[in-house]
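The structure appears right after this line, and notes come after that.
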Amino acid sequence: MIKKESRFLSFTPFLILIIVCLLSGCTSVLCGRYGEYGQTKAEFTQYVETVFKMQNSMTSEMMAITDANANADLVQADQKMQEVCAPLNEYAVREVDKLNIAISLLRRVEEAAVACEKAAQKVQTLLAHQ
């Protein structure tokens, strides 16, 4: 019985991939392209991880400065980044906690990745001029 479960679990990511492809409007079952840049699964996974790390770094830097040192533009940019990057953060929390990840969340991560990167870059630029 354990072997059946482990075999099923090994197919789960593949099934999720197919469903995400179908929901994203791909015409073939194995669309193979993700995000705004049409990346492969491996490229997109690496890209999202890089964006998530950048956003986390900017969040850490924001936490390190005092409120008195943060200008209004920086605070606003940070709030926007937190909002735009929420799907990536939610995915990371669910992944770490080993919780189910809904297909709708995978789709939101795919849609939010580029906007999250841009928002994190804006915070990074404003922090550099702080």
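Labels for the structure tokens follow display order: chains A, B, ..., residues from 1 in each chain, ligands from 1.
Within the 10 Å cut-off around A:Asn56, using only C-alpha atoms and omitting residues fewer than 6 positions from it on the same chain, the listed residues are Thr50, Met62, Gln82, Cys85, Asn89 and Ala120 of chain A.
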Write out, as a PDB file, in the first residue's frame, the residues just selected, with all heavy atoms.
ATOM      1  N   THR A  50      14.603  33.296  -7.138  1.00  0.00           N
ATOM      2  CA  THR A  50      15.451  34.490  -7.113  1.00  0.00           C
ATOM      3  C   THR A  50      14.650  35.722  -6.715  1.00  0.00           C
ATOM      4  O   THR A  50      15.098  36.530  -5.898  1.00  0.00           O
ATOM      5  CB  THR A  50      16.113  34.701  -8.497  1.00  0.00           C
ATOM      6  OG1 THR A  50      16.893  33.545  -8.809  1.00  0.00           O
ATOM      7  CG2 THR A  50      16.991  35.930  -8.516  1.00  0.00           C
ATOM      8  N   MET A  62      14.226  46.669   5.144  1.00  0.00           N
ATOM      9  CA  MET A  62      13.210  47.611   5.621  1.00  0.00           C
ATOM     10  C   MET A  62      12.993  47.450   7.124  1.00  0.00           C
ATOM     11  O   MET A  62      12.807  48.436   7.831  1.00  0.00           O
ATOM     12  CB  MET A  62      11.885  47.392   4.878  1.00  0.00           C
ATOM     13  CG  MET A  62      11.873  47.910   3.465  1.00  0.00           C
ATOM     14  SD  MET A  62      12.096  49.707   3.353  1.00  0.00           S
ATOM     15  CE  MET A  62      10.658  50.302   4.208  1.00  0.00           C
ATOM     16  N   GLN A  82       4.960  44.332  -0.628  1.00  0.00           N
ATOM     17  CA  GLN A  82       4.337  43.306   0.212  1.00  0.00           C
ATOM     18  C   GLN A  82       3.024  42.829  -0.406  1.00  0.00           C
ATOM     19  O   GLN A  82       2.731  41.626  -0.413  1.00  0.00           O
ATOM     20  CB  GLN A  82       4.105  43.832   1.638  1.00  0.00           C
ATOM     21  CG  GLN A  82       5.368  44.183   2.385  1.00  0.00           C
ATOM     22  CD  GLN A  82       6.388  43.061   2.447  1.00  0.00           C
ATOM     23  OE1 GLN A  82       6.036  41.893   2.566  1.00  0.00           O
ATOM     24  NE2 GLN A  82       7.655  43.404   2.363  1.00  0.00           N
ATOM     25  N   CYS A  85       3.812  40.888  -3.815  1.00  0.00           N
ATOM     26  CA  CYS A  85       4.551  39.651  -3.591  1.00  0.00           C
ATOM     27  C   CYS A  85       3.819  38.660  -2.677  1.00  0.00           C
ATOM     28  O   CYS A  85       4.350  37.576  -2.398  1.00  0.00           O
ATOM     29  CB  CYS A  85       5.933  39.960  -3.013  1.00  0.00           C
ATOM     30  SG  CYS A  85       6.977  40.932  -4.124  1.00  0.00           S
ATOM     31  N   ASN A  89       4.941  34.808  -1.140  1.00  0.00           N
ATOM     32  CA  ASN A  89       5.113  34.575   0.288  1.00  0.00           C
ATOM     33  C   ASN A  89       4.167  33.493   0.789  1.00  0.00           C
ATOM     34  O   ASN A  89       4.555  32.635   1.591  1.00  0.00           O
ATOM     35  CB  ASN A  89       4.933  35.869   1.078  1.00  0.00           C
ATOM     36  CG  ASN A  89       6.064  36.830   0.828  1.00  0.00           C
ATOM     37  OD1 ASN A  89       7.229  36.460   0.853  1.00  0.00           O
ATOM     38  ND2 ASN A  89       5.733  38.083   0.574  1.00  0.00           N
ATOM     39  N   ALA A 120      10.245  44.856  -5.861  1.00  0.00           N
ATOM     40  CA  ALA A 120      11.438  44.666  -5.024  1.00  0.00           C
ATOM     41  C   ALA A 120      12.599  45.519  -5.537  1.00  0.00           C
ATOM     42  O   ALA A 120      13.356  46.096  -4.745  1.00  0.00           O
ATOM     43  CB  ALA A 120      11.824  43.194  -4.978  1.00  0.00           C
TER      44      ALA A 120
END
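The list of residues with at least one atom within 8 Å of A:Gly35, based on only C-alpha atoms and without residues fewer than 3 positions apart in the same chain, reads Gly38, Gln39, Phe44, Glu110, Glu111, Ala113 and Val114 of chain A.
Proximity ranking of A:Asp78, A:Glu117, A:Glu83, A:Glu95 relative to A:Met54 places A:Glu117 first, based on only C-alpha atoms.
The shortest atom-to-atom distance to A:Thr125, with only C-alpha atoms taken into account, belongs to A:Ala77 out of A:Tyr34, A:Thr59, A:Ala42, A:Ala77.
The coordinates place atom CA of A:Lys80 at 10.4 Å from atom CA of A:Lys118.
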| request: State, in Å with one decimal place, the distance from atom CA of A:Leu106 to atom CA of A:Val51. | output: 15.1 Å
| message | I'd like the neighbourhood of A:Ala70 as a PyMOL selection string, where a residue qualifies if any of its atoms comes within 10 Å (using only C-alpha atoms), though same-chain residues fewer than 6 positions away should be ignored. | response | chain A and resi 62+76+126-127+130
| Hey, can you check how far atom CA of A:Tyr47 sits from atom CA of A:His129? | 26.1 Å
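Closest to A:Gln79 among A:Met58, A:Thr66, A:Arg108, A:Arg33 is A:Met58, based on only C-alpha atoms.
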